[in-house]
Amino acid sequence: MPPIIAIVGRPNVGKSTLFNRLTARRTALVSDMPGLTRDRREGEAVLAGHKVTVIDTAGLEESPPGSIPARMRAQSEAAIGKADLVLFVLDARDGVTPVDAAFARTVRASGRPVVLVANKSEGRAGTEGFYEAFQLGLGEPVAISAEHGEGIGELVATLLAALGLKPHDRRRADRSADAERDIAADEQGRPIRVAVVGRPNAGKSTLVNVLLGEERMITGPEPGLTRDAIATDFQWGDRAVRLFDTAGLRRKARITERAEKLSASDAVRAIRFAEVVVVLVDAEHPLEHQDLTIADLVEEEGRALVVAVNKWDLVTEKQKKLKELRDALGQRLAQLPGVPLVTLSALAGQGLDKLKDAVFASYERWNRRVPTPALNRWLGEALDRHTPPAARGRRIKIRFMTQPSARPPTFVAFCSQPEALPRAYLRYLTNSLRETFDLPGVPIRLKLRKGDNPFAGR
């Protein structure tokens, strides 16, 4: 009999969306309306060659006996009772609520193995909620976006480990969780999501047309021709890619028409849901304030970034111009050192292979995971080189570090006085991480948590 996995959590955290994602079917209804699911729904899923039964349950709610929510809760508790593994889902954007904490105690009391999932973790809005999930006492959370398919490969690897199963393909067992995610994405046919953004008239639609090999987008000298974020799937080399052509982004003060406001919000949404963002700038007017504002937004959203300079064939003193651009990037985008800079001409079809290599390399770094032993060896060496300062007469101690998630690479350090550690020392650790583990040009999230090593003795 296949192992049984029960998906539980409070209403509207994305349980049915995750059920549909794991079973590769859209049988469960999904909506923003909480409480849409009332009965248990079972489905078959195949995780790395293993068949499992997945149960979608109603949201757990406090309710008076005999009411409909009470009966829904009884159904959910029955599913927990028959499950071999419980998948406890919370909404990372809402953080840990009192209801989450109450039902985490219920799940712990069941004695069933539990995997904690922080859903809706895409973008920066879910970051704090992800770290709050540690306080539930259900172990290290897995950050995912069930709606957009992010983190599903890592979740599958965690589920198999919790069930004591190994992928049927022995070669996969030796690969990292990050590689497992890429394999799962390839098996599902999900392409890498790449968004092309920039100011109006930088040549975004021309570049997209050249990459697709057809006149898919309207182009012309008039700025603002593109209004919607148009997604098109194509094969770029040996990888499947979903390419988003977006409307030009101007400064907010200059956006007056309603159509342009909608277009701008659509472009920002494309950045949020992309995996790699290509910021296309005009070689004749490169790296203006709006270009850097867009790059800042990409970094804040935690996406991989590539800067591409279009119309390079019109530049005369190319080496001098290239040096100026690299210096400007280093100075004005200092929070993201090592961003790939690619020169091209979309109209002439030049530099497209360099762009492809830069996009795929950035995607790989954005997905990279550092093994915990290597991470803590680096931490010891970094602390030996520069000891953390004292605060209020007590030495600040950093005891342990782990990487709970990638996409972007995210690290948690457990520290005796996290609030007292200077920002300059955090920058030192972040830059050393970037240099040691070859992570140029991708956002790095480094968070401090108070306490000892939470995994000691496990």
# chains A, B, ... in the order shown; residues from 1 in each chain; ligands from 1
call {"tool": "closest_atom_pairs", "arguments": {"of": "region 248-349 of chain A", "to": "region 412-431 of chain A", "cutoff": "12 Å", "atoms": "only C-alpha atoms", "output": "Markdown table"}}
result
| residue | atom | partner | partner_atom | distance |
| --- | --- | --- | --- | --- |
| A:Ala334 | CA | A:Asn431 | CA | 10.7 |
| A:Gln335 | CA | A:Arg427 | CA | 9.0 |
| A:Leu336 | CA | A:Asn431 | CA | 9.5 |
| A:Pro337 | CA | A:Asn431 | CA | 8.6 |
| A:Gly338 | CA | A:Asn431 | CA | 10.8 |
call {"tool": "atom_distance", "arguments": {"atom1": "CA of Ile4 (chain A)", "atom2": "CA of Ala79 (chain A)"}}
result
9.1 Å
call {"tool": "closest_residue", "arguments": {"among": "A:Val241, A:Leu18, A:Ala361, A:Val194", "to": "Arg303 (chain A)", "atoms": "only C-alpha atoms"}}
result
A:Val194
call {"tool": "residues_around", "arguments": {"residues": "Asp291 (chain A)", "least_positions_apart": "3", "cutoff": "8 Å", "atoms": "only C-alpha atoms", "output": "VMD selection string"}}
result
chain A and resid 198 to 199 279 281 286 to 288 294 to 295
call {"tool": "atom_distance", "arguments": {"atom1": "CA of Leu85 (chain A)", "atom2": "CA of Ile5 (chain A)"}}
result
4.9 Å
call {"tool": "atom_distance", "arguments": {"atom1": "CA of Val96 (chain A)", "atom2": "CA of Arg407 (chain A)"}}
result
21.8 Å
call {"tool": "closest_residue", "arguments": {"among": "A:Val339, A:Ala58, A:Leu160, A:Leu292", "to": "Gln75 (chain A)", "atoms": "only C-alpha atoms"}}
result
A:Ala58
call {"tool": "residues_around", "arguments": {"residues": "region 125-136 of chain A", "least_positions_apart": "4", "cutoff": "8 Å", "atoms": "only C-alpha atoms", "output": "PyMOL selection string"}}
result
chain A and resi 91-96+101+104+118+120-121+140-141+143
call {"tool": "write_last_selection", "arguments": {"atoms": "N, CA and C atoms", "output": "short mmCIF file (atom, residue, chain, number, x, y, z; two decimals), in the first residue's frame"}}
result
data_model
loop_
_atom_site.label_atom_id
_atom_site.label_comp_id
_atom_site.auth_asym_id
_atom_site.auth_seq_id
_atom_site.Cartn_x
_atom_site.Cartn_y
_atom_site.Cartn_z
N ASP A 91 1.01 30.01 5.71
CA ASP A 91 1.16 31.10 4.74
C ASP A 91 2.32 31.98 5.20
N ALA A 92 3.44 31.95 4.45
CA ALA A 92 4.63 32.71 4.85
C ALA A 92 4.36 34.21 4.83
N ARG A 93 3.41 34.66 4.02
CA ARG A 93 3.14 36.09 3.95
C ARG A 93 2.37 36.59 5.18
N ASP A 94 1.62 35.70 5.82
CA ASP A 94 0.92 36.05 7.05
C ASP A 94 1.76 35.80 8.29
N GLY A 95 2.80 34.97 8.16
CA GLY A 95 3.59 34.60 9.32
C GLY A 95 2.86 33.56 10.17
N VAL A 96 3.37 33.31 11.36
CA VAL A 96 2.77 32.33 12.27
C VAL A 96 1.65 33.02 13.06
N ALA A 101 -0.15 28.14 15.58
CA ALA A 101 0.52 27.62 16.77
C ALA A 101 -0.34 26.57 17.48
N ALA A 104 -0.40 23.40 15.39
CA ALA A 104 0.91 22.75 15.42
C ALA A 104 1.02 21.85 16.64
N ALA A 118 6.45 26.32 4.36
CA ALA A 118 6.12 27.74 4.33
C ALA A 118 5.72 28.08 2.89
N LYS A 120 3.72 30.24 -0.25
CA LYS A 120 3.66 31.64 -0.70
C LYS A 120 4.93 32.40 -0.31
N SER A 121 6.08 31.72 -0.47
CA SER A 121 7.36 32.32 -0.09
C SER A 121 8.03 33.09 -1.22
N GLU A 140 12.85 22.25 10.52
CA GLU A 140 13.21 23.28 9.55
C GLU A 140 12.16 23.37 8.45
N PRO A 141 11.59 24.55 8.21
CA PRO A 141 10.56 24.66 7.17
C PRO A 141 11.15 24.57 5.77
N ALA A 143 10.66 26.20 2.14
CA ALA A 143 10.04 27.36 1.49
C ALA A 143 9.60 26.98 0.08
#
call {"tool": "decode", "arguments": {"residues": "region 2-13 of chain A", "atoms": "all heavy atoms", "output": "JSON list (two decimals), in the first residue's frame"}}
result
[["chain", "number", "residue", "atom", "x", "y", "z"],
["A", 2, "PRO", "N", 0.61, 2.22, -0.87],
["A", 2, "PRO", "CA", 1.45, 3.42, -0.92],
["A", 2, "PRO", "C", 1.40, 4.20, 0.38],
["A", 2, "PRO", "O", 0.37, 4.22, 1.06],
["A", 2, "PRO", "CB", 0.85, 4.23, -2.09],
["A", 2, "PRO", "CG", 0.00, 3.28, -2.85],
["A", 2, "PRO", "CD", -0.47, 2.27, -1.86],
["A", 3, "PRO", "N", 2.49, 4.89, 0.75],
["A", 3, "PRO", "CA", 2.46, 5.76, 1.93],
["A", 3, "PRO", "C", 1.40, 6.85, 1.75],
["A", 3, "PRO", "O", 1.10, 7.30, 0.65],
["A", 3, "PRO", "CB", 3.87, 6.35, 1.96],
["A", 3, "PRO", "CG", 4.70, 5.46, 1.12],
["A", 3, "PRO", "CD", 3.80, 4.88, 0.09],
["A", 4, "ILE", "N", 0.85, 7.30, 2.88],
["A", 4, "ILE", "CA", -0.20, 8.32, 2.87],
["A", 4, "ILE", "C", 0.36, 9.62, 3.44],
["A", 4, "ILE", "O", 0.95, 9.63, 4.52],
["A", 4, "ILE", "CB", -1.42, 7.87, 3.69],
["A", 4, "ILE", "CG1", -2.03, 6.60, 3.07],
["A", 4, "ILE", "CG2", -2.47, 8.98, 3.77],
["A", 4, "ILE", "CD1", -3.14, 6.00, 3.90],
["A", 5, "ILE", "N", 0.18, 10.72, 2.70],
["A", 5, "ILE", "CA", 0.62, 12.04, 3.12],
["A", 5, "ILE", "C", -0.62, 12.92, 3.27],
["A", 5, "ILE", "O", -1.37, 13.10, 2.32],
["A", 5, "ILE", "CB", 1.58, 12.67, 2.10],
["A", 5, "ILE", "CG1", 2.84, 11.80, 1.94],
["A", 5, "ILE", "CG2", 1.98, 14.08, 2.53],
["A", 5, "ILE", "CD1", 3.76, 12.27, 0.83],
["A", 6, "ALA", "N", -0.84, 13.47, 4.47],
["A", 6, "ALA", "CA", -1.97, 14.36, 4.72],
["A", 6, "ALA", "C", -1.50, 15.81, 4.74],
["A", 6, "ALA", "O", -0.55, 16.15, 5.46],
["A", 6, "ALA", "CB", -2.65, 14.02, 6.04],
["A", 7, "ILE", "N", -2.15, 16.66, 3.94],
["A", 7, "ILE", "CA", -1.83, 18.09, 3.90],
["A", 7, "ILE", "C", -2.80, 18.81, 4.83],
["A", 7, "ILE", "O", -4.01, 18.77, 4.61],
["A", 7, "ILE", "CB", -1.96, 18.65, 2.47],
["A", 7, "ILE", "CG1", -1.07, 17.85, 1.49],
["A", 7, "ILE", "CG2", -1.57, 20.11, 2.43],
["A", 7, "ILE", "CD1", -1.22, 18.28, 0.05],
["A", 8, "VAL", "N", -2.27, 19.45, 5.88],
["A", 8, "VAL", "CA", -3.13, 20.11, 6.87],
["A", 8, "VAL", "C", -2.65, 21.54, 7.10],
["A", 8, "VAL", "O", -1.53, 21.91, 6.76],
["A", 8, "VAL", "CB", -3.15, 19.34, 8.21],
["A", 8, "VAL", "CG1", -3.61, 17.91, 8.01],
["A", 8, "VAL", "CG2", -1.78, 19.38, 8.88],
["A", 9, "GLY", "N", -3.51, 22.34, 7.72],
["A", 9, "GLY", "CA", -3.21, 23.73, 8.03],
["A", 9, "GLY", "C", -4.49, 24.51, 8.13],
["A", 9, "GLY", "O", -5.58, 24.00, 7.84],
["A", 10, "ARG", "N", -4.37, 25.77, 8.54],
["A", 10, "ARG", "CA", -5.57, 26.60, 8.67],
["A", 10, "ARG", "C", -6.11, 26.95, 7.27],
["A", 10, "ARG", "O", -5.44, 26.72, 6.26],
["A", 10, "ARG", "CB", -5.27, 27.85, 9.49],
["A", 10, "ARG", "CG", -4.23, 28.77, 8.90],
["A", 10, "ARG", "CD", -3.96, 29.95, 9.82],
["A", 10, "ARG", "NE", -2.88, 30.78, 9.30],
["A", 10, "ARG", "CZ", -3.03, 31.71, 8.37],
["A", 10, "ARG", "NH1", -4.22, 31.94, 7.86],
["A", 10, "ARG", "NH2", -2.00, 32.42, 7.96],
["A", 11, "PRO", "N", -7.30, 27.54, 7.18],
["A", 11, "PRO", "CA", -7.89, 27.83, 5.86],
["A", 11, "PRO", "C", -7.06, 28.83, 5.05],
["A", 11, "PRO", "O", -6.42, 29.73, 5.60],
["A", 11, "PRO", "CB", -9.26, 28.44, 6.21],
["A", 11, "PRO", "CG", -9.58, 27.92, 7.58],
["A", 11, "PRO", "CD", -8.25, 27.81, 8.27],
["A", 12, "ASN", "N", -7.09, 28.63, 3.74],
["A", 12, "ASN", "CA", -6.55, 29.59, 2.78],
["A", 12, "ASN", "C", -5.03, 29.77, 2.83],
["A", 12, "ASN", "O", -4.51, 30.82, 2.51],
["A", 12, "ASN", "CB", -7.22, 30.97, 2.96],
["A", 12, "ASN", "CG", -7.44, 31.66, 1.62],
["A", 12, "ASN", "OD1", -7.68, 31.01, 0.61],
["A", 12, "ASN", "ND2", -7.34, 32.97, 1.61],
["A", 13, "VAL", "N", -4.31, 28.71, 3.19],
["A", 13, "VAL", "CA", -2.84, 28.77, 3.16],
["A", 13, "VAL", "C", -2.28, 28.13, 1.89],
["A", 13, "VAL", "O", -1.07, 28.15, 1.68],
["A", 13, "VAL", "CB", -2.21, 28.10, 4.40],
["A", 13, "VAL", "CG1", -2.56, 28.87, 5.65],
["A", 13, "VAL", "CG2", -2.61, 26.64, 4.52]]
